[in-house]
>>> print(open('run-v9.txt').read())   # compact mmCIF, C-alpha atoms and all ligand atoms
# COMPACT_ATOMS: atom_id res chain seq x y z
CA MET Q 66 76.87 121.00 118.40
CA ASN Q 67 74.73 122.07 121.32
CA ASN Q 68 71.65 120.86 119.51
CA LEU Q 69 73.35 117.57 118.76
CA ARG Q 70 74.37 117.13 122.38
CA GLY Q 71 70.79 117.84 123.38
CA TYR Q 72 69.56 115.21 120.98
CA MET Q 73 72.05 112.67 122.23
CA ARG Q 74 71.03 113.42 125.84
CA SER Q 75 67.38 112.92 125.00
CA SER Q 76 68.23 109.68 123.16
CA LEU Q 77 70.13 108.38 126.14
CA GLN Q 78 67.30 109.29 128.44
CA ALA Q 79 64.87 107.50 126.15
CA THR Q 80 66.03 104.04 127.18
CA LYS Q 81 63.60 101.16 127.11
CA LYS Q 82 60.73 103.07 125.58
CA VAL Q 83 57.63 101.18 124.62
CA MET Q 84 56.58 102.53 121.26
CA HIS Q 85 52.98 102.51 120.13
CA LEU Q 86 52.92 101.82 116.45
CA PRO Q 87 50.42 102.14 113.64
CA ASN Q 88 49.09 99.02 111.98
CA VAL Q 89 51.32 99.30 108.94
CA ALA Q 90 49.99 96.13 107.34
CA ALA Q 91 46.51 97.63 107.24
CA ARG Q 92 47.56 100.85 105.54
CA LYS Q 93 45.51 101.67 102.46
CA PRO Q 94 47.23 101.09 99.11
CA SER Q 95 46.79 104.79 98.32
CA GLU Q 96 48.90 105.64 101.37
CA ARG Q 97 51.76 103.34 100.34
CA ARG Q 98 54.68 104.80 98.49
CA ALA Q 99 56.28 102.75 95.76
CA PRO Q 100 59.33 100.80 96.92
CA ASN Q 101 62.47 102.91 96.78
CA ALA Q 102 60.55 106.04 95.84
CA PRO Q 103 62.41 109.14 97.07
CA VAL Q 104 61.61 110.18 100.59
CA PRO Q 105 61.11 113.89 101.16
CA ASN Q 106 63.94 115.33 103.14
CA ALA Q 107 61.63 115.88 106.08
CA LEU Q 108 60.98 113.86 109.18
CA SER Q 109 57.56 114.92 110.33
CA ARG Q 110 55.72 111.94 108.84
CA ILE Q 111 57.59 109.49 111.07
CA SER Q 112 55.47 108.59 114.06
CA VAL Q 113 58.15 109.07 116.70
CA SER Q 114 59.38 112.42 115.46
CA GLN Q 115 60.37 113.40 119.00
CA LEU Q 116 63.18 110.88 118.77
CA LEU Q 117 64.47 112.06 115.43
CA PRO Q 118 67.27 114.53 114.82
CA ARG Q 119 66.57 117.82 113.11
CA HIS Q 120 68.34 118.64 109.87
CA ASN Q 121 71.57 120.41 109.30
CA LYS Q 122 73.01 120.19 112.76
CA GLN Q 123 76.77 120.23 112.88
CA VAL Q 124 78.30 116.83 113.50
CA GLU Q 125 81.86 115.65 113.61
CA VAL Q 126 82.73 113.03 111.04
CA PRO Q 127 85.84 110.92 111.56
CA ARG Q 128 88.66 111.71 109.22
CA MET Q 129 89.31 109.33 106.32
CA THR Q 130 92.91 110.47 105.85
CA HIS Q 131 95.59 112.07 107.97
CA GLU Q 132 94.06 115.52 108.17
CA PRO Q 133 94.84 117.40 111.39
CA GLN Q 134 91.23 118.41 112.12
CA PRO Q 135 87.91 116.56 111.88
CA PHE Q 136 85.46 117.69 109.28
CA ILE Q 137 82.56 119.86 110.31
CA LEU Q 138 79.64 118.62 108.28
CA PRO Q 139 75.88 118.97 108.22
CA GLN Q 140 73.35 116.18 108.26
CA TYR Q 141 71.62 115.55 104.97
CA PHE Q 142 69.13 112.78 104.33
CA ARG Q 143 68.75 111.01 101.00
CA GLU Q 144 67.48 107.54 100.19
CA GLY Q 145 70.14 104.93 99.52
CA ALA Q 146 70.63 103.47 96.06
CA PRO Q 147 67.50 101.67 94.85
CA LEU Q 148 67.78 98.05 93.88
CA PRO Q 149 68.79 97.62 90.25
CA LEU Q 150 65.95 96.79 87.89
CA THR Q 151 67.84 93.88 86.39
CA ILE Q 152 69.06 90.64 87.99
CA PRO Q 153 72.78 89.75 87.97
CA LYS Q 154 73.85 86.98 85.64
CA HIS Q 155 73.92 83.52 87.27
CA PHE Q 156 70.78 84.50 89.25
CA THR Q 157 67.22 83.66 88.26
CA MET Q 158 63.98 84.81 89.84
CA GLN Q 159 62.07 81.67 90.68
CA GLU Q 160 58.51 80.94 89.76
CA GLU Q 161 56.43 81.61 92.88
CA SER Q 162 52.78 80.84 93.36
CA VAL Q 163 52.38 83.22 96.33
CA LYS Q 164 52.69 86.99 96.06
CA PHE Q 165 53.65 89.01 99.12
CA ASP Q 166 50.51 90.35 100.79
CA PRO Q 167 51.08 92.40 103.97
CA GLU Q 168 47.55 91.65 105.15
CA ARG Q 169 48.24 87.92 105.10
CA HIS Q 170 51.96 87.66 105.70
CA LEU Q 171 52.62 90.34 108.32
CA ASN Q 172 51.24 90.46 111.85
CA ILE Q 173 53.15 93.31 113.46
CA CYS Q 174 52.47 93.83 117.13
CA LYS Q 175 51.28 97.24 118.31
CA GLU Q 176 54.00 97.85 120.87
CA ILE Q 177 57.71 97.41 120.48
CA ALA Q 178 60.15 97.86 123.36
CA VAL Q 179 63.18 99.86 122.24
CA SER Q 180 66.39 100.23 124.23
CA ARG Q 181 68.72 103.14 123.59
CA SER Q 182 71.86 103.17 125.64
CA HIS Q 183 75.29 104.57 124.83
CA GLY Q 184 73.94 105.74 121.48
CA SER Q 185 73.03 102.28 120.19
CA VAL Q 186 69.60 100.84 119.51
CA TYR Q 187 68.03 97.43 119.84
CA THR Q 188 64.54 96.11 120.41
CA LYS Q 189 63.11 93.23 122.34
CA PRO Q 190 61.84 90.49 120.00
CA PHE Q 191 58.49 91.51 118.60
CA ARG Q 192 55.92 89.76 116.43
CA LEU Q 193 56.53 90.59 112.74
CA LEU Q 194 55.25 87.76 110.53
CA SER Q 195 52.01 85.83 110.54
CA GLU Q 196 52.13 82.04 110.65
CA GLU Q 197 51.43 82.02 106.91
CA GLY Q 198 54.29 84.47 106.35
CA VAL Q 199 56.66 82.13 108.20
CA GLU Q 200 55.47 79.13 106.18
CA VAL Q 201 55.96 80.90 102.85
CA LEU Q 202 59.46 82.06 103.76
CA ARG Q 203 60.43 78.59 104.95
CA ARG Q 204 59.30 77.12 101.63
CA ILE Q 205 61.28 79.74 99.69
CA ILE Q 206 64.41 79.07 101.75
CA GLU Q 207 64.03 75.32 101.29
CA ALA Q 208 63.72 75.80 97.54
CA ASN Q 209 66.96 77.83 97.50
CA GLU Q 210 68.95 75.98 100.17
CA GLU Q 211 71.21 74.42 97.53
CA HIS Q 212 72.82 77.88 97.13
CA ALA Q 213 73.83 78.11 100.82
CA LYS Q 214 77.56 78.19 101.58
CA GLN Q 215 79.91 78.05 104.54
CA MET Q 216 81.27 81.46 105.52
CA VAL Q 217 84.16 82.62 107.67
CA ARG Q 218 81.98 83.36 110.66
CA SER Q 219 78.94 81.22 109.86
CA PRO Q 220 78.83 77.46 109.19
CA LYS Q 221 76.01 77.75 106.66
CA CYS Q 222 74.56 80.84 105.06
CA LEU Q 223 72.29 81.62 102.10
CA ARG Q 224 72.68 84.99 100.38
CA GLY Q 225 71.11 86.73 97.42
CA LEU Q 226 67.46 85.77 97.94
CA GLY Q 227 66.54 89.24 96.74
CA TYR Q 228 67.76 88.15 93.29
CA ARG Q 229 65.92 84.81 93.42
CA SER Q 230 62.60 85.49 95.17
CA GLN Q 231 60.10 88.22 94.32
CA PHE Q 232 58.28 87.48 97.58
CA VAL Q 233 61.40 88.20 99.65
CA ARG Q 234 62.14 91.28 97.56
CA ASP Q 235 58.61 92.66 97.99
CA LEU Q 236 58.62 91.98 101.74
CA SER Q 237 62.01 93.66 102.11
CA THR Q 238 61.06 96.78 100.16
CA TYR Q 239 57.59 97.18 101.72
CA ARG Q 240 57.48 100.90 102.45
CA PRO Q 241 55.40 100.86 105.66
CA LEU Q 242 57.84 98.34 107.14
CA LEU Q 243 60.77 100.60 106.22
CA ASP Q 244 58.94 103.52 107.86
CA LEU Q 245 58.43 101.48 111.02
CA LEU Q 246 62.10 100.52 111.15
CA SER Q 247 63.10 104.17 110.63
CA SER Q 248 61.02 104.99 113.69
CA LEU Q 249 62.82 102.33 115.69
CA ALA Q 250 66.22 103.52 114.45
CA GLY Q 251 65.41 107.12 115.33
CA GLU Q 252 66.52 108.26 111.88
CA PRO Q 253 65.42 107.67 108.28
CA ILE Q 254 66.93 104.48 106.90
CA SER Q 255 66.92 102.58 103.61
CA LEU Q 256 67.22 98.95 102.68
CA HIS Q 257 70.94 98.46 102.20
CA ALA Q 258 72.00 98.89 98.58
CA HIS Q 259 73.75 95.52 98.44
CA GLY Q 260 70.98 93.35 97.05
CA MET Q 261 72.94 90.26 98.12
CA ASN Q 262 72.03 91.22 101.70
CA ILE Q 263 68.31 90.80 101.07
CA GLY Q 264 67.01 87.72 102.80
CA HIS Q 265 70.43 86.77 104.18
CA THR Q 266 69.66 83.44 105.91
CA ASN Q 267 71.70 81.77 108.65
CA PHE Q 268 71.41 78.07 109.47
CA GLY Q 269 72.51 76.79 112.89
CA GLU Q 270 72.74 73.04 113.43
CA VAL Q 271 72.42 71.24 116.74
CA GLY Q 272 75.90 70.40 118.01
CA GLY Q 273 77.53 72.62 115.42
CA ALA Q 274 79.63 75.70 115.91
CA ALA Q 275 78.06 78.98 116.92
CA ALA Q 276 75.81 80.13 114.07
CA GLU Q 277 77.69 83.43 114.16
CA LYS Q 278 80.76 84.43 116.14
CA TRP Q 279 81.20 87.75 117.95
CA HIS Q 280 81.21 90.52 115.40
CA VAL Q 281 79.78 93.87 114.42
CA ASP Q 282 77.97 94.23 111.13
CA SER Q 283 79.07 95.93 107.95
CA VAL Q 284 75.71 97.71 107.82
CA ASP Q 285 74.14 100.21 110.20
CA TYR Q 286 71.07 98.22 111.26
CA VAL Q 287 69.74 94.68 110.89
CA LEU Q 288 66.32 93.12 111.23
CA ILE Q 289 66.70 89.51 112.42
CA VAL Q 290 63.65 87.30 111.90
CA MET Q 291 63.33 83.92 113.61
CA LEU Q 292 61.90 81.31 111.24
CA SER Q 293 62.31 78.19 113.40
CA ASP Q 294 60.11 77.04 116.26
CA PRO Q 295 62.14 77.92 119.37
CA VAL Q 296 60.08 75.66 121.67
CA GLY Q 297 62.47 73.09 123.13
CA MET Q 298 65.47 74.95 121.74
CA GLN Q 299 68.48 75.00 124.05
CA GLY Q 300 71.18 77.49 123.16
CA GLY Q 301 70.92 79.36 119.90
CA ASP Q 302 70.39 82.63 121.77
CA LEU Q 303 71.13 85.92 120.08
CA GLN Q 304 73.55 87.59 122.49
CA LEU Q 305 74.37 91.30 122.57
CA TYR Q 306 77.41 92.72 124.32
CA LEU Q 307 76.22 95.85 126.13
CA PRO Q 308 78.97 97.06 128.46
CA GLN Q 309 77.73 99.42 131.15
CA ALA Q 310 80.57 101.82 130.53
CA ALA Q 311 80.38 103.49 127.14
CA ALA Q 312 82.64 101.58 124.77
CA ASP Q 313 83.40 101.90 121.09
CA ALA Q 314 83.67 98.88 118.83
CA HIS Q 315 87.41 98.55 119.35
CA SER Q 316 87.30 98.63 123.14
CA SER Q 317 84.37 96.20 123.14
CA TRP Q 318 86.42 93.88 120.97
CA ASP Q 319 89.42 94.21 123.28
CA GLN Q 320 87.19 93.18 126.19
CA LEU Q 321 85.63 90.23 124.33
CA SER Q 322 88.88 88.91 122.93
CA GLY Q 323 91.02 89.75 125.97
CA GLY Q 324 88.89 87.91 128.49
CA THR Q 325 87.78 91.01 130.41
CA ALA Q 326 84.18 91.09 129.17
CA ARG Q 327 81.67 90.59 131.98
CA LYS Q 328 78.89 88.05 131.58
CA GLU Q 329 76.44 90.47 133.16
CA ASP Q 330 77.05 92.79 130.20
CA VAL Q 331 75.81 90.14 127.76
CA ARG Q 332 72.09 90.31 127.03
CA SER Q 333 70.44 87.19 125.58
CA LEU Q 334 67.39 87.71 123.43
CA GLN Q 335 64.94 84.83 123.15
CA PHE Q 336 62.33 84.65 120.42
CA PRO Q 337 58.97 83.41 121.78
CA SER Q 338 58.01 81.78 118.47
CA ALA Q 339 58.74 81.70 114.79
CA GLY Q 340 57.82 84.99 113.14
CA TYR Q 341 59.30 87.15 115.89
CA ALA Q 342 62.03 89.64 114.99
CA THR Q 343 64.48 92.01 116.62
CA PHE Q 344 65.93 95.21 115.20
CA VAL Q 345 69.54 95.86 116.20
CA GLN Q 346 72.13 98.53 115.44
CA GLY Q 347 74.53 95.80 114.47
CA SER Q 348 77.29 98.18 113.41
CA LYS Q 349 77.68 99.34 117.02
CA ILE Q 350 76.66 96.37 119.16
CA PHE Q 351 78.85 93.26 119.18
CA HIS Q 352 76.66 90.21 118.86
CA THR Q 353 76.82 86.45 118.44
CA VAL Q 354 74.62 83.38 118.53
CA SER Q 355 75.38 80.81 121.20
CA PRO Q 356 75.91 77.19 120.10
CA LEU Q 357 72.70 75.27 119.54
CA LEU Q 358 72.56 72.42 122.06
CA ALA Q 359 69.11 71.00 121.34
CA ALA Q 360 66.28 71.81 118.93
CA LYS Q 361 63.67 70.14 116.77
CA GLY Q 362 65.60 71.16 113.68
CA PRO Q 363 68.06 73.76 112.42
CA ARG Q 364 67.84 77.29 113.79
CA ILE Q 365 66.99 79.41 110.76
CA THR Q 366 66.99 83.21 110.84
CA LEU Q 367 66.48 85.66 108.01
CA VAL Q 368 68.40 88.94 108.26
CA ASN Q 369 67.76 92.15 106.33
CA SER Q 370 70.20 95.06 106.36
CA PHE Q 371 69.62 98.81 106.44
CA THR Q 372 71.68 101.94 106.11
CA SER Q 373 71.22 105.45 107.49
CA ASN Q 374 69.92 108.00 105.00
CA ASN Q 375 72.27 110.61 106.45
CA VAL Q 376 74.85 110.76 103.66
CA PHE Q 377 77.39 112.41 105.98
CA LYS Q 378 77.23 109.68 108.61
CA PRO Q 379 80.40 107.54 108.49
CA ASP Q 380 79.68 104.58 106.24
CA SER Q 381 79.49 101.22 108.03
CA THR Q 382 79.67 99.34 104.73
CA ARG Q 383 82.93 97.43 104.40
CA PHE Q 384 83.69 96.25 100.90
CA SER Q 385 86.09 93.61 102.22
CA SER Q 386 83.30 92.04 104.31
CA TYR Q 387 81.30 91.23 101.23
CA LYS Q 388 84.27 90.34 99.07
CA ASP Q 389 86.28 88.28 101.57
CA THR Q 390 83.89 87.18 104.33
CA PHE Q 391 80.59 86.61 102.55
CA LEU Q 392 82.33 85.67 99.31
CA ASP Q 393 79.69 87.41 97.22
CA PRO Q 394 80.24 87.02 93.45
CA PRO Q 395 82.93 89.58 92.51
CA ASP Q 396 81.01 90.95 89.53
CA VAL Q 397 77.95 91.52 91.75
CA VAL Q 398 79.66 93.01 94.79
CA ASP Q 399 81.70 95.43 92.68
CA ILE Q 400 78.54 96.92 91.15
CA GLU Q 401 76.58 96.92 94.42
CA PHE Q 402 79.32 98.71 96.32
CA SER Q 403 79.85 101.24 93.52
CA ARG Q 404 76.12 102.03 93.41
CA HIS Q 405 76.01 102.37 97.20
CA ARG Q 406 78.90 104.83 97.28
CA ALA Q 407 77.56 106.68 94.23
CA ALA Q 408 74.25 107.28 96.03
CA ARG Q 409 76.09 108.70 99.04
CA ALA Q 410 78.20 110.97 96.82
CA ILE Q 411 75.08 112.19 94.99
CA GLY Q 412 73.51 113.09 98.31
CA GLN Q 413 76.64 114.82 99.55
CA LEU Q 414 76.87 116.96 96.41
CA GLU Q 415 73.12 117.49 96.26
CA HIS Q 416 73.44 119.13 99.66
CA LEU Q 417 75.79 121.67 98.09
CA LEU Q 418 73.24 122.48 95.40
CA ASN Q 419 70.93 123.62 98.20
CA ALA Q 420 73.60 125.57 100.08
CA SER Q 421 72.43 128.84 101.51
CA TRP Q 422 74.36 132.06 100.78
CA ASP Q 423 75.77 132.15 104.29
CA THR Q 424 77.31 128.66 104.16
CA PRO Q 425 80.91 129.07 105.32
CA ALA Q 426 83.71 128.10 102.97
CA VAL Q 427 85.04 125.58 105.47
CA GLU Q 428 81.77 123.64 105.28
CA LEU Q 429 81.71 123.73 101.48
CA ALA Q 430 85.30 122.55 101.42
CA SER Q 431 84.63 119.78 103.94
CA VAL Q 432 81.72 118.42 101.93
CA LEU Q 433 83.74 118.40 98.73
CA GLN Q 434 86.72 116.85 100.46
CA LEU Q 435 84.64 114.09 102.03
CA ALA Q 436 82.86 113.27 98.77
CA GLY Q 437 86.14 113.17 96.90
CA GLN Q 438 87.88 111.02 99.48
CA GLU Q 439 85.03 108.53 99.69
CA LEU Q 440 85.02 108.12 95.92
CA LEU Q 441 88.79 107.84 95.79
CA MET Q 442 88.75 105.18 98.52
CA THR Q 443 85.99 103.33 96.66
CA SER Q 444 88.09 103.21 93.51
CA ARG Q 445 91.12 101.95 95.45
CA LEU Q 446 89.04 99.20 97.09
CA LEU Q 447 87.67 98.12 93.72
CA ARG Q 448 91.20 97.94 92.32
CA GLY Q 449 92.35 95.86 95.29
CA GLU Q 450 94.73 98.58 96.47
CA GLU Q 451 93.08 98.87 99.90
CA LYS Q 452 91.27 96.70 102.45
CA ASP Q 453 88.62 98.15 104.74
CA MET Q 454 87.84 95.23 107.05
CA LEU Q 455 87.61 96.19 110.71
CA SER Q 456 90.42 94.45 112.59
CA CYS Q 457 87.85 92.99 114.99
CA ASN Q 458 86.00 91.39 112.06
CA SER Q 459 89.10 90.04 110.34
CA ALA Q 460 91.00 86.81 110.91
CA GLU Q 461 90.95 87.47 114.66
CA GLN Q 462 87.29 86.59 114.81
CA LYS Q 463 87.97 83.04 113.80
CA ARG Q 464 89.32 82.20 117.21
CA ILE Q 465 86.53 83.82 119.26
CA GLY Q 466 83.60 81.45 119.63
CA GLY Q 467 80.08 82.11 120.78
CA ASP Q 468 80.79 82.50 124.49
CA VAL Q 469 82.29 85.25 126.59
CA LYS Q 470 85.64 84.01 127.75
CA ALA Q 471 85.78 85.55 131.20
CA GLY Q 472 83.71 87.25 133.81
FE FE G 501 75.57 90.25 112.58
>>> encode(input="run-v9.txt", output="structure tokens")
Amino acid sequence: MNNLRGYMRSSLQATKKVMHLPNVAARKPSERRAPNAPVPNALSRISVSQLLPRHNKQVEVPRMTHEPQPFILPQYFREGAPLPLTIPKHFTMQEESVKFDPERHLNICKEIAVSRSHGSVYTKPFRLLSEEGVEVLRRIIEANEEHAKQMVRSPKCLRGLGYRSQFVRDLSTYRPLLDLLSSLAGEPISLHAHGMNIGHTNFGEVGGAAAEKWHVDSVDYVLIVMLSDPVGMQGGDLQLYLPQAAADAHSSWDQLSGGTARKEDVRSLQFPSAGYATFVQGSKIFHTVSPLLAAKGPRITLVNSFTSNNVFKPDSTRFSSYKDTFLDPPDVVDIEFSRHRAARAIGQLEHLLNASWDTPAVELASVLQLAGQELLMTSRLLRGEEKDMLSCNSAEQKRIGGDVKAG
């Protein structure tokens, strides 16, 4: 625990770092790992290794049942479930004339400003896509816009592009980009196992409701890419709630919904142009998009989701979010969630296969108990016997718009 506290202290002290990054788009093909290839359980290859935790420190994991004591568990890193090789029924990969080419479609800036406060991470908007990359994505979205739907917290949303567009799939699984985002996160991460999350696209209309209401995400991290020209745009700001005093998700929600949130604790992020992106620990930071008051056209953002590779970190993935909020096809979401939880369980048990002879029985028991409980909960969710929606992301969110009520 002392090591962990030391790491947390150094993370907190590392606020607003400017990170100097390699030109990932220019990396030689021989240096690129195949998408979803296993990552060695080592951290040294990540450029900001000083920000990364070491392995096998003791961390406390919240209880999943009514046990009297928290588990004492190690950290163990394993890639999340790879995308399935086949496409779900009712989805078709479209014919595309352009193949993803990082040299042409990415233009990642050399420095990215990262803020780490109260254990949560976000970046200032940074250049990610080239102009050509923006144009290609806009054409793909336009070609698939007929599949967009209204959601509980979003007036118009397109999901599942990873099952319709090879370009979006290749961009999302591009290994050097995943490595860069791991550096920003301060831990190894994977593209989230729910393929429906790939290329999640939000549409905000002028005069419409907030593109997204205050919420936390059902994934650890998100990469939000602006695809509209923000020049002349009024409103439509991505807003983060960053209370000065350390607050967990529930107390942040109490402040936002109870009218005690302070406007000075809301940080608005503006994207200088289309092709800029921000990386946010959306599972910890409440965020929204303010109503769009004026713009040349709809505000379109593409969002990709990522999960920590630490299989003992509490899982941010909420089955009910995908089933009941995003209304993903039941046959798809059932498989995606099962594969996601299976990958975590494999990692948890794989850790036991490597257990040293001096591993205490309490740790062995904790690992087995956690793995068993996660799988049991997964089966209950699939059978409809449980709901796992955070209360702050449930029906309550419907009444909280895109503005802080007080302060
Ligand atoms: Fe979000």
>>> residues_near_ligand(input="run-v9.txt", ligand="ligand FE 501 (chain G)", cutoff="6 Å", atoms="only C-alpha atoms and all ligand atoms", output="list in words")
Val281, Asp282 and Gly347 of chain Q
>>> atom_distance(input="run-v9.txt", atom1="atom CA of Q:Lys214", atom2="atom CA of Q:Asp393")
10.4 Å
>>> residues_around(input="run-v9.txt", residues="Q:Leu417", least_positions_apart="5", cutoff="9 Å", atoms="all atoms listed in the file", output="list in words")
Gly412, Leu429, Val432 and Leu433 of chain Q
>>> closest_residue(input="run-v9.txt", among="Q:Pro147, Q:Ile350, Q:Leu307, Q:Glu270", to="Q:Glu329", atoms="all atoms listed in the file")
Q:Leu307
>>> atom_distance(input="run-v9.txt", atom1="atom CA of Q:Asp235", atom2="atom CA of Q:Val199")
14.8 Å
>>> decode(input="run-v9.txt", residues="stretch 436-455 of chain Q", atoms="N, CA and C atoms", output="mmCIF file, in the first residue's frame")
data_model
loop_
_atom_site.group_PDB
_atom_site.id
_atom_site.type_symbol
_atom_site.label_atom_id
_atom_site.label_comp_id
_atom_site.auth_asym_id
_atom_site.auth_seq_id
_atom_site.Cartn_x
_atom_site.Cartn_y
_atom_site.Cartn_z
ATOM 1 N N ALA Q 436 -13.152 -13.349 -8.988
ATOM 2 C CA ALA Q 436 -13.447 -13.915 -10.310
ATOM 3 C C ALA Q 436 -14.818 -14.595 -10.300
ATOM 4 N N GLY Q 437 -15.068 -15.359 -9.261
ATOM 5 C CA GLY Q 437 -16.346 -16.058 -9.180
ATOM 6 C C GLY Q 437 -17.521 -15.098 -9.076
ATOM 7 N N GLN Q 438 -17.354 -14.062 -8.269
ATOM 8 C CA GLN Q 438 -18.466 -13.125 -8.085
ATOM 9 C C GLN Q 438 -18.722 -12.317 -9.349
ATOM 10 N N GLU Q 439 -17.652 -11.924 -10.037
ATOM 11 C CA GLU Q 439 -17.878 -11.176 -11.284
ATOM 12 C C GLU Q 439 -18.631 -12.033 -12.299
ATOM 13 N N LEU Q 440 -18.247 -13.297 -12.406
ATOM 14 C CA LEU Q 440 -18.914 -14.171 -13.369
ATOM 15 C C LEU Q 440 -20.359 -14.439 -12.958
ATOM 16 N N LEU Q 441 -20.563 -14.618 -11.658
ATOM 17 C CA LEU Q 441 -21.926 -14.846 -11.187
ATOM 18 C C LEU Q 441 -22.803 -13.623 -11.466
ATOM 19 N N MET Q 442 -22.255 -12.427 -11.184
ATOM 20 C CA MET Q 442 -23.021 -11.203 -11.452
ATOM 21 C C MET Q 442 -23.313 -11.066 -12.943
ATOM 22 N N THR Q 443 -22.318 -11.418 -13.779
ATOM 23 C CA THR Q 443 -22.524 -11.345 -15.229
ATOM 24 C C THR Q 443 -23.679 -12.241 -15.654
ATOM 25 N N SER Q 444 -23.737 -13.437 -15.100
ATOM 26 C CA SER Q 444 -24.819 -14.348 -15.484
ATOM 27 C C SER Q 444 -26.166 -13.814 -15.019
ATOM 28 N N ARG Q 445 -26.198 -13.189 -13.853
ATOM 29 C CA ARG Q 445 -27.466 -12.639 -13.345
ATOM 30 C C ARG Q 445 -27.923 -11.452 -14.197
ATOM 31 N N LEU Q 446 -26.973 -10.632 -14.640
ATOM 32 C CA LEU Q 446 -27.318 -9.501 -15.509
ATOM 33 C C LEU Q 446 -27.868 -10.010 -16.837
ATOM 34 N N LEU Q 447 -27.237 -11.027 -17.383
ATOM 35 C CA LEU Q 447 -27.686 -11.564 -18.672
ATOM 36 C C LEU Q 447 -29.085 -12.164 -18.558
ATOM 37 N N ARG Q 448 -29.392 -12.738 -17.391
ATOM 38 C CA ARG Q 448 -30.723 -13.324 -17.196
ATOM 39 C C ARG Q 448 -31.765 -12.279 -16.812
ATOM 40 N N GLY Q 449 -31.340 -11.022 -16.638
ATOM 41 C CA GLY Q 449 -32.280 -9.979 -16.244
ATOM 42 C C GLY Q 449 -32.621 -9.998 -14.769
ATOM 43 N N GLU Q 450 -31.802 -10.677 -13.970
ATOM 44 C CA GLU Q 450 -32.087 -10.773 -12.531
ATOM 45 C C GLU Q 450 -31.466 -9.617 -11.752
ATOM 46 N N GLU Q 451 -30.621 -8.837 -12.401
ATOM 47 C CA GLU Q 451 -29.956 -7.702 -11.745
ATOM 48 C C GLU Q 451 -29.901 -6.535 -12.723
ATOM 49 N N LYS Q 452 -29.774 -5.313 -12.170
ATOM 50 C CA LYS Q 452 -29.453 -4.123 -12.950
ATOM 51 C C LYS Q 452 -28.194 -3.515 -12.351
ATOM 52 N N ASP Q 453 -27.327 -2.974 -13.195
ATOM 53 C CA ASP Q 453 -26.084 -2.417 -12.664
ATOM 54 C C ASP Q 453 -25.894 -0.956 -13.029
ATOM 55 N N MET Q 454 -26.980 -0.277 -13.417
ATOM 56 C CA MET Q 454 -26.874 1.141 -13.768
ATOM 57 C C MET Q 454 -26.533 1.956 -12.532
ATOM 58 N N LEU Q 455 -25.576 2.874 -12.649
ATOM 59 C CA LEU Q 455 -25.328 3.810 -11.565
ATOM 60 C C LEU Q 455 -26.565 4.676 -11.384
#
